[in-house]
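Student: To start, I am sharing the structure in question, which I have written as structure tokens.
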Amino acid sequence: MRRLLAILLPALLLMTACGGGTTPASEPTSQSVGDVSKLDSLKVTDNGNDKAPGIEFSKPLKVTEPTVKVVSEGDGQPVKAGQIAELVYVAVDGTDGKTLEDGYANGPQPIELSEQMKTGNELIFNAVVGAKVGSHVAIAAPGSASATAPASTQLVVFKIASAKDAPGLLSKEETDQLDKDGKLPKVAFDDKGVPSVEIPKTDAPAGLSVKVLSEGSGDELKSSDTIDANYTGWRWEDSTKFDSSYDRGEAATFGLTQVIKGWTLGLTGQKVGSKVLLTIPTDLAYGANAAAQGKPAGPLVFVVEIKGKK
């Protein structure tokens with residue numbers, strides 16, 4: 001999804017700077033923005049979620065301001081704020097229709113329609129929220145001319161493949177019950193303090209489970225903190241260890257705004273010095289298409305030792 005946001009960033013910046021089109025409502029309904037008439041000739045032929053759609057439009061396509069339009073309405077339920085939507089996209093050159101990037105090759109990419117997303121990318125947020133699952137949405141942005149080439153409009157068409165409620169943080173009582181029922185990993189530490197886990201042969205918890213193995217006496221972490229931590233991560237499905245700062249022999253330093261959502265939610269409020277077991281569902285880890293992006297797929301398990309904060 002970061003790649004899609006990167007492709008749309010020029011349009012977002014221009015729309016923010018120019019104030020192009022109507023200001024979206026506070027409760028968006030996927031309103032069109034900009035010179036929508038320039039997209040009247042655009043026709044999209046759906047080919048499912050695995051193959052880029054057929055795209056036809058009068059060439060050259062030229063817009064003078066960033067433009068957003070729902071090209072075809074899906075037959076699913078309207079997307080709601082707070083949900084996780086999965087999008088597939090294709091980017092083409094408005095001058096000749098040449099494909100610039102086919103995002104369908106990587107499958108649907110998840111995007112969490114959170115308040116943070118709204119603050120950072122309000123126009124994409126407003127384009128998705130309120131649209132029905134199955135809809136195709138177009139964003140066209142004027143290009144920048146160079147010394148060797150004239151400006152060329154960039155057109156991105158994305159399809160809302162699905163939408164579902166985001167998994168939440170389980171309560172302490174829910175986590176304790178999972179532990180009592182043998183549905184959480186068992187953690188052991190060797191004489192050097194390096195953790196190992198035994199993951200049960202059951203389905204992973206549907207929500208984010210946070211179990212404090214030992215509580216530290218330091219300051220509580222805020223979601224905006226940068227921390228030093230030792231950690232090891234395993235895949236729930238096959239117990240494969242995929243990363244460990246212990247193996248590298250030094251703690252890692254990172255901001256809690258720069259990691260997967262399961263870490264941000266699970267470590268916020270924990271104390272420096274604590275050791276914590278995180279059991280993270282797929283949607284709060286690397287998403288359904290993690291393997292295609294070279295990331296560990298499925299639900300994940302982490303043991304984190306919080307060494308300090310900056």
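Residues in the structure tokens are numbered from 1 in each chain, the chains being A, B, ... in the order shown, and ligands are numbered from 1 in the order shown.
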Could you pull the residues within 7 Å of range 254-271 of chain A, counting only C-alpha atoms, minus those fewer than 4 positions along the same chain, as a list of chain:residue names?
Tutor: A:Leu208, A:Val210, A:Glu215, A:Gly216, A:Ser217, A:Gly218, A:Asp219, A:Glu220, A:Leu221, A:Lys222, A:Ser223, A:Ser224, A:Asp225, A:Thr226, A:Ile227, A:Asp228, A:Leu278, A:Ile280, A:Leu284, A:Ala285, A:Tyr286
Student: Hey, can you spit out that residue selection with C-alpha atoms as a short mmCIF file (atom, residue, chain, number, x, y, z; two decimals), in the first residue's frame?
Tutor:
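part03.cif written:
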```cif
data_model
loop_
_atom_site.label_atom_id
_atom_site.label_comp_id
_atom_site.auth_asym_id
_atom_site.auth_seq_id
_atom_site.Cartn_x
_atom_site.Cartn_y
_atom_site.Cartn_z
CA LEU A 208 -3.86 -8.53 19.31
CA VAL A 210 -0.37 -8.67 24.87
CA GLU A 215 7.04 -5.83 34.30
CA GLY A 216 9.77 -3.22 34.39
CA SER A 217 9.96 -0.22 36.68
CA GLY A 218 10.72 2.43 34.08
CA ASP A 219 8.59 5.03 32.32
CA GLU A 220 5.51 4.03 30.35
CA LEU A 221 5.90 4.18 26.59
CA LYS A 222 3.91 6.57 24.43
CA SER A 223 3.00 5.71 20.85
CA SER A 224 5.33 8.48 19.64
CA ASP A 225 8.40 7.24 21.55
CA THR A 226 11.62 5.92 20.07
CA ILE A 227 12.83 2.88 21.98
CA ASP A 228 15.74 0.47 22.35
CA LEU A 278 2.91 -10.07 21.47
CA ILE A 280 -0.24 -10.28 16.32
CA LEU A 284 -1.86 -5.84 12.33
CA ALA A 285 1.36 -7.43 11.04
CA TYR A 286 2.42 -7.31 7.38
#
```
Student: Tell me which protein, DNA and RNA residues are within 8 Å of range 44-61 of chain A, counting only C-alpha atoms, leaving out same-chain ones fewer than 4 positions away, and put them as number ranges by chain.
Tutor: A: 38-39, 71-72, 88-90, 94-97, 102-105, 107-108, 136, 153, 161
Student: Closest to Glu73 in chain A among A:Gly193, A:Gly294, A:Gly130, A:Gly34, using only C-alpha atoms?
Tutor: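 When distances to Glu73 in chain A are compared using only C-alpha atoms, the smallest one comes from A:Gly130.
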Student: For Lys80 in chain A, list every protein, DNA or RNA residue within 9 Å, evaluated using only C-alpha atoms, and leave out those in the same chain fewer than 2 positions away; present the list as a PyMOL selection string.
Tutor: chain A and resi 77-78+82-85+113+128-131+163-165
Student: Could you dump the residues just selected with N, CA, C and O atoms as a PDB file, in the first residue's frame?
Tutor:
```
ATOM      1  N   GLN A  77     -20.788  -3.651   0.053  1.00  0.00           N
ATOM      2  CA  GLN A  77     -21.194  -2.715   1.092  1.00  0.00           C
ATOM      3  C   GLN A  77     -20.295  -1.478   1.072  1.00  0.00           C
ATOM      4  O   GLN A  77     -19.127  -1.548   0.698  1.00  0.00           O
ATOM      5  N   PRO A  78     -20.835  -0.326   1.469  1.00  0.00           N
ATOM      6  CA  PRO A  78     -19.996   0.878   1.548  1.00  0.00           C
ATOM      7  C   PRO A  78     -18.873   0.695   2.564  1.00  0.00           C
ATOM      8  O   PRO A  78     -19.065   0.099   3.621  1.00  0.00           O
ATOM      9  N   GLY A  82     -12.322   3.445   9.752  1.00  0.00           N
ATOM     10  CA  GLY A  82     -11.860   2.497  10.752  1.00  0.00           C
ATOM     11  C   GLY A  82     -11.654   1.097  10.225  1.00  0.00           C
ATOM     12  O   GLY A  82     -11.002   0.273  10.879  1.00  0.00           O
ATOM     13  N   GLN A  83     -12.204   0.794   9.042  1.00  0.00           N
ATOM     14  CA  GLN A  83     -12.018  -0.532   8.471  1.00  0.00           C
ATOM     15  C   GLN A  83     -10.659  -0.643   7.776  1.00  0.00           C
ATOM     16  O   GLN A  83      -9.947   0.346   7.586  1.00  0.00           O
ATOM     17  N   ILE A  84     -10.322  -1.871   7.398  1.00  0.00           N
ATOM     18  CA  ILE A  84      -9.160  -2.118   6.553  1.00  0.00           C
ATOM     19  C   ILE A  84      -9.691  -2.451   5.161  1.00  0.00           C
ATOM     20  O   ILE A  84     -10.435  -3.414   4.987  1.00  0.00           O
ATOM     21  N   ALA A  85      -9.346  -1.611   4.192  1.00  0.00           N
ATOM     22  CA  ALA A  85      -9.738  -1.848   2.807  1.00  0.00           C
ATOM     23  C   ALA A  85      -8.545  -2.420   2.054  1.00  0.00           C
ATOM     24  O   ALA A  85      -7.389  -2.095   2.353  1.00  0.00           O
ATOM     25  N   LEU A 113      -8.069   2.531   7.324  1.00  0.00           N
ATOM     26  CA  LEU A 113      -8.731   3.833   7.220  1.00  0.00           C
ATOM     27  C   LEU A 113      -8.896   4.442   8.611  1.00  0.00           C
ATOM     28  O   LEU A 113      -9.994   4.691   9.082  1.00  0.00           O
ATOM     29  N   VAL A 128     -11.979   6.658  -0.587  1.00  0.00           N
ATOM     30  CA  VAL A 128     -12.308   5.256  -0.311  1.00  0.00           C
ATOM     31  C   VAL A 128     -13.521   5.127   0.608  1.00  0.00           C
ATOM     32  O   VAL A 128     -14.427   4.332   0.344  1.00  0.00           O
ATOM     33  N   VAL A 129     -13.516   5.888   1.701  1.00  0.00           N
ATOM     34  CA  VAL A 129     -14.616   5.772   2.664  1.00  0.00           C
ATOM     35  C   VAL A 129     -15.923   6.243   2.007  1.00  0.00           C
ATOM     36  O   VAL A 129     -15.998   7.320   1.440  1.00  0.00           O
ATOM     37  N   GLY A 130     -16.924   5.404   2.104  1.00  0.00           N
ATOM     38  CA  GLY A 130     -18.224   5.698   1.487  1.00  0.00           C
ATOM     39  C   GLY A 130     -18.423   5.018   0.153  1.00  0.00           C
ATOM     40  O   GLY A 130     -19.551   4.808  -0.275  1.00  0.00           O
ATOM     41  N   ALA A 131     -17.328   4.669  -0.542  1.00  0.00           N
ATOM     42  CA  ALA A 131     -17.448   3.932  -1.803  1.00  0.00           C
ATOM     43  C   ALA A 131     -17.785   2.473  -1.505  1.00  0.00           C
ATOM     44  O   ALA A 131     -17.448   1.948  -0.449  1.00  0.00           O
ATOM     45  N   ALA A 163     -13.253  -4.975   2.139  1.00  0.00           N
ATOM     46  CA  ALA A 163     -13.168  -4.132   3.333  1.00  0.00           C
ATOM     47  C   ALA A 163     -13.654  -4.948   4.517  1.00  0.00           C
ATOM     48  O   ALA A 163     -14.622  -5.704   4.413  1.00  0.00           O
ATOM     49  N   LYS A 164     -12.956  -4.811   5.631  1.00  0.00           N
ATOM     50  CA  LYS A 164     -13.360  -5.534   6.832  1.00  0.00           C
ATOM     51  C   LYS A 164     -12.952  -4.731   8.059  1.00  0.00           C
ATOM     52  O   LYS A 164     -12.088  -3.849   7.986  1.00  0.00           O
ATOM     53  N   ASP A 165     -13.584  -5.037   9.164  1.00  0.00           N
ATOM     54  CA  ASP A 165     -13.258  -4.347  10.402  1.00  0.00           C
ATOM     55  C   ASP A 165     -11.841  -4.690  10.836  1.00  0.00           C
ATOM     56  O   ASP A 165     -11.402  -5.839  10.724  1.00  0.00           O
TER      57      ASP A 165
END
```
Student: Select from range 65-125 of chain A everything DSSP, run on the backbone, classes as alpha helix (DSSP H), then give the selection as a PDB file with N, CA and C atoms, in the first residue's frame.
Tutor:
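Output saved as result-v5.pdb:
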```
ATOM      1  N   GLU A 115      -7.733   7.280  11.827  1.00  0.00           N
ATOM      2  CA  GLU A 115      -7.600   8.729  11.966  1.00  0.00           C
ATOM      3  C   GLU A 115      -6.213   9.170  11.513  1.00  0.00           C
ATOM      4  N   GLN A 116      -5.210   8.325  11.769  1.00  0.00           N
ATOM      5  CA  GLN A 116      -3.854   8.655  11.328  1.00  0.00           C
ATOM      6  C   GLN A 116      -3.784   8.719   9.809  1.00  0.00           C
ATOM      7  N   MET A 117      -4.448   7.762   9.141  1.00  0.00           N
ATOM      8  CA  MET A 117      -4.501   7.769   7.683  1.00  0.00           C
ATOM      9  C   MET A 117      -5.222   9.017   7.183  1.00  0.00           C
ATOM     10  N   LYS A 118      -6.309   9.385   7.834  1.00  0.00           N
ATOM     11  CA  LYS A 118      -7.080  10.558   7.425  1.00  0.00           C
ATOM     12  C   LYS A 118      -6.246  11.818   7.547  1.00  0.00           C
ATOM     13  N   THR A 119      -5.463  11.900   8.627  1.00  0.00           N
ATOM     14  CA  THR A 119      -4.630  13.083   8.842  1.00  0.00           C
ATOM     15  C   THR A 119      -3.523  13.178   7.801  1.00  0.00           C
ATOM     16  N   GLY A 120      -2.903  12.046   7.486  1.00  0.00           N
ATOM     17  CA  GLY A 120      -1.775  12.067   6.567  1.00  0.00           C
ATOM     18  C   GLY A 120      -2.159  12.030   5.103  1.00  0.00           C
ATOM     19  N   GLU A 122      -5.690  12.570   3.600  1.00  0.00           N
ATOM     20  CA  GLU A 122      -7.137  12.770   3.702  1.00  0.00           C
ATOM     21  C   GLU A 122      -7.867  12.539   2.391  1.00  0.00           C
ATOM     22  N   LEU A 123      -7.240  12.884   1.271  1.00  0.00           N
ATOM     23  CA  LEU A 123      -7.941  12.767   0.002  1.00  0.00           C
ATOM     24  C   LEU A 123      -8.143  11.312  -0.419  1.00  0.00           C
ATOM     25  N   ILE A 124      -7.140  10.454  -0.159  1.00  0.00           N
ATOM     26  CA  ILE A 124      -7.346   9.033  -0.427  1.00  0.00           C
ATOM     27  C   ILE A 124      -8.381   8.477   0.554  1.00  0.00           C
ATOM     28  N   PHE A 125      -8.263   8.883   1.818  1.00  0.00           N
ATOM     29  CA  PHE A 125      -9.245   8.461   2.825  1.00  0.00           C
ATOM     30  C   PHE A 125     -10.654   8.789   2.355  1.00  0.00           C
TER      31      PHE A 125
END
```
Student: My list of candidates is A:Thr99, A:Asn106, A:Thr240, A:Ser214. Which is closest to Val272 in chain A when distances are computed with only C-alpha atoms?
Tutor: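 Closest residue, counting only C-alpha atoms: A:Ser214.
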Student: Find the residues near Val68 in chain A: any atom within 7 Å, counting only C-alpha atoms, skip ones fewer than 6 places away on the same chain, and give them as a JSON list (two decimals) with all heavy atoms, in the first residue's frame.
Tutor:
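Output file around13.json follows:
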```json
[["chain", "number", "residue", "atom", "x", "y", "z"],
["A", 32, "SER", "N", -16.59, 13.10, -5.71],
["A", 32, "SER", "CA", -15.67, 13.46, -6.78],
["A", 32, "SER", "C", -15.06, 14.82, -6.48],
["A", 32, "SER", "O", -15.67, 15.67, -5.83],
["A", 32, "SER", "CB", -16.41, 13.48, -8.12],
["A", 32, "SER", "OG", -16.91, 12.20, -8.43],
["A", 33, "VAL", "N", -13.84, 15.02, -6.98],
["A", 33, "VAL", "CA", -13.10, 16.26, -6.74],
["A", 33, "VAL", "C", -12.42, 16.67, -8.02],
["A", 33, "VAL", "O", -11.92, 15.84, -8.76],
["A", 33, "VAL", "CB", -12.04, 16.04, -5.62],
["A", 33, "VAL", "CG1", -11.18, 17.28, -5.45],
["A", 33, "VAL", "CG2", -12.70, 15.69, -4.30],
["A", 34, "GLY", "N", -12.39, 17.99, -8.30],
["A", 34, "GLY", "CA", -11.64, 18.50, -9.44],
["A", 34, "GLY", "C", -12.46, 18.58, -10.71],
["A", 34, "GLY", "O", -13.70, 18.62, -10.69],
["A", 36, "VAL", "N", -13.98, 16.91, -13.04],
["A", 36, "VAL", "CA", -14.47, 15.54, -13.28],
["A", 36, "VAL", "C", -14.85, 15.31, -14.74],
["A", 36, "VAL", "O", -14.74, 14.19, -15.26],
["A", 36, "VAL", "CB", -15.66, 15.25, -12.34],
["A", 36, "VAL", "CG1", -16.22, 13.85, -12.60],
["A", 36, "VAL", "CG2", -15.24, 15.39, -10.90],
["A", 138, "ALA", "N", -10.81, 6.65, -9.92],
["A", 138, "ALA", "CA", -9.72, 7.21, -10.72],
["A", 138, "ALA", "C", -9.19, 8.48, -10.06],
["A", 138, "ALA", "O", -9.96, 9.30, -9.55],
["A", 138, "ALA", "CB", -10.18, 7.52, -12.14],
["A", 139, "ILE", "N", -7.87, 8.62, -10.09],
["A", 139, "ILE", "CA", -7.22, 9.86, -9.66],
["A", 139, "ILE", "C", -6.28, 10.28, -10.79],
["A", 139, "ILE", "O", -5.41, 9.52, -11.20],
["A", 139, "ILE", "CB", -6.41, 9.68, -8.36],
["A", 139, "ILE", "CG1", -7.35, 9.30, -7.21],
["A", 139, "ILE", "CG2", -5.66, 10.95, -8.02],
["A", 139, "ILE", "CD1", -6.65, 9.17, -5.87],
["A", 140, "ALA", "N", -6.52, 11.50, -11.31],
["A", 140, "ALA", "CA", -5.67, 12.05, -12.37],
["A", 140, "ALA", "C", -4.97, 13.29, -11.83],
["A", 140, "ALA", "O", -5.59, 14.10, -11.14],
["A", 140, "ALA", "CB", -6.50, 12.39, -13.61]]
```
Student: Can you check which residues of range 195-306 of chain A DSSP gives as strand (DSSP E) on the backbone and send them as a PyMOL selection string?
Tutor: chain A and resi 195-198+209-214+226-235+241-244+252-255+275-280+300-306
Student: Might you pull out every residue within 6 Å of range 301-304 of chain A, with only C-alpha atoms counted and same-chain residues fewer than 3 positions away left off, and present them as a ChimeraX atom specification?
Tutor: /A:230-234,275-279
Student: May I have the residues from that selection written out with N, CA, C and O atoms, as a PDB file, in the first residue's frame?
Tutor:
```pdb
ATOM      1  N   ASN A 230      15.389  -5.401  22.628  1.00  0.00           N
ATOM      2  CA  ASN A 230      15.777  -6.703  22.097  1.00  0.00           C
ATOM      3  C   ASN A 230      14.502  -7.478  21.784  1.00  0.00           C
ATOM      4  O   ASN A 230      13.499  -7.356  22.515  1.00  0.00           O
ATOM      5  N   TYR A 231      14.533  -8.254  20.729  1.00  0.00           N
ATOM      6  CA  TYR A 231      13.311  -8.970  20.341  1.00  0.00           C
ATOM      7  C   TYR A 231      13.657 -10.171  19.479  1.00  0.00           C
ATOM      8  O   TYR A 231      14.720 -10.238  18.865  1.00  0.00           O
ATOM      9  N   THR A 232      12.708 -11.108  19.433  1.00  0.00           N
ATOM     10  CA  THR A 232      12.733 -12.198  18.460  1.00  0.00           C
ATOM     11  C   THR A 232      11.319 -12.370  17.920  1.00  0.00           C
ATOM     12  O   THR A 232      10.344 -12.234  18.671  1.00  0.00           O
ATOM     13  N   GLY A 233      11.219 -12.657  16.616  1.00  0.00           N
ATOM     14  CA  GLY A 233       9.917 -12.859  15.989  1.00  0.00           C
ATOM     15  C   GLY A 233       9.810 -14.209  15.318  1.00  0.00           C
ATOM     16  O   GLY A 233      10.789 -14.706  14.723  1.00  0.00           O
ATOM     17  N   TRP A 234       8.625 -14.832  15.437  1.00  0.00           N
ATOM     18  CA  TRP A 234       8.343 -16.135  14.824  1.00  0.00           C
ATOM     19  C   TRP A 234       7.016 -16.053  14.069  1.00  0.00           C
ATOM     20  O   TRP A 234       6.118 -15.285  14.427  1.00  0.00           O
ATOM     21  N   LYS A 275       9.388  -7.267  29.807  1.00  0.00           N
ATOM     22  CA  LYS A 275       9.454  -8.271  28.752  1.00  0.00           C
ATOM     23  C   LYS A 275       8.020  -8.632  28.395  1.00  0.00           C
ATOM     24  O   LYS A 275       7.220  -8.940  29.286  1.00  0.00           O
ATOM     25  N   VAL A 276       7.699  -8.573  27.091  1.00  0.00           N
ATOM     26  CA  VAL A 276       6.309  -8.665  26.643  1.00  0.00           C
ATOM     27  C   VAL A 276       6.186  -9.692  25.522  1.00  0.00           C
ATOM     28  O   VAL A 276       7.029  -9.746  24.621  1.00  0.00           O
ATOM     29  N   LEU A 277       5.141 -10.500  25.583  1.00  0.00           N
ATOM     30  CA  LEU A 277       4.790 -11.428  24.511  1.00  0.00           C
ATOM     31  C   LEU A 277       3.674 -10.805  23.686  1.00  0.00           C
ATOM     32  O   LEU A 277       2.598 -10.485  24.214  1.00  0.00           O
ATOM     33  N   LEU A 278       3.909 -10.608  22.395  1.00  0.00           N
ATOM     34  CA  LEU A 278       2.908 -10.069  21.471  1.00  0.00           C
ATOM     35  C   LEU A 278       2.489 -11.167  20.501  1.00  0.00           C
ATOM     36  O   LEU A 278       3.339 -11.768  19.837  1.00  0.00           O
ATOM     37  N   THR A 279       1.188 -11.424  20.414  1.00  0.00           N
ATOM     38  CA  THR A 279       0.653 -12.328  19.396  1.00  0.00           C
ATOM     39  C   THR A 279      -0.194 -11.476  18.467  1.00  0.00           C
ATOM     40  O   THR A 279      -1.245 -10.962  18.858  1.00  0.00           O
TER      41      THR A 279
END
```
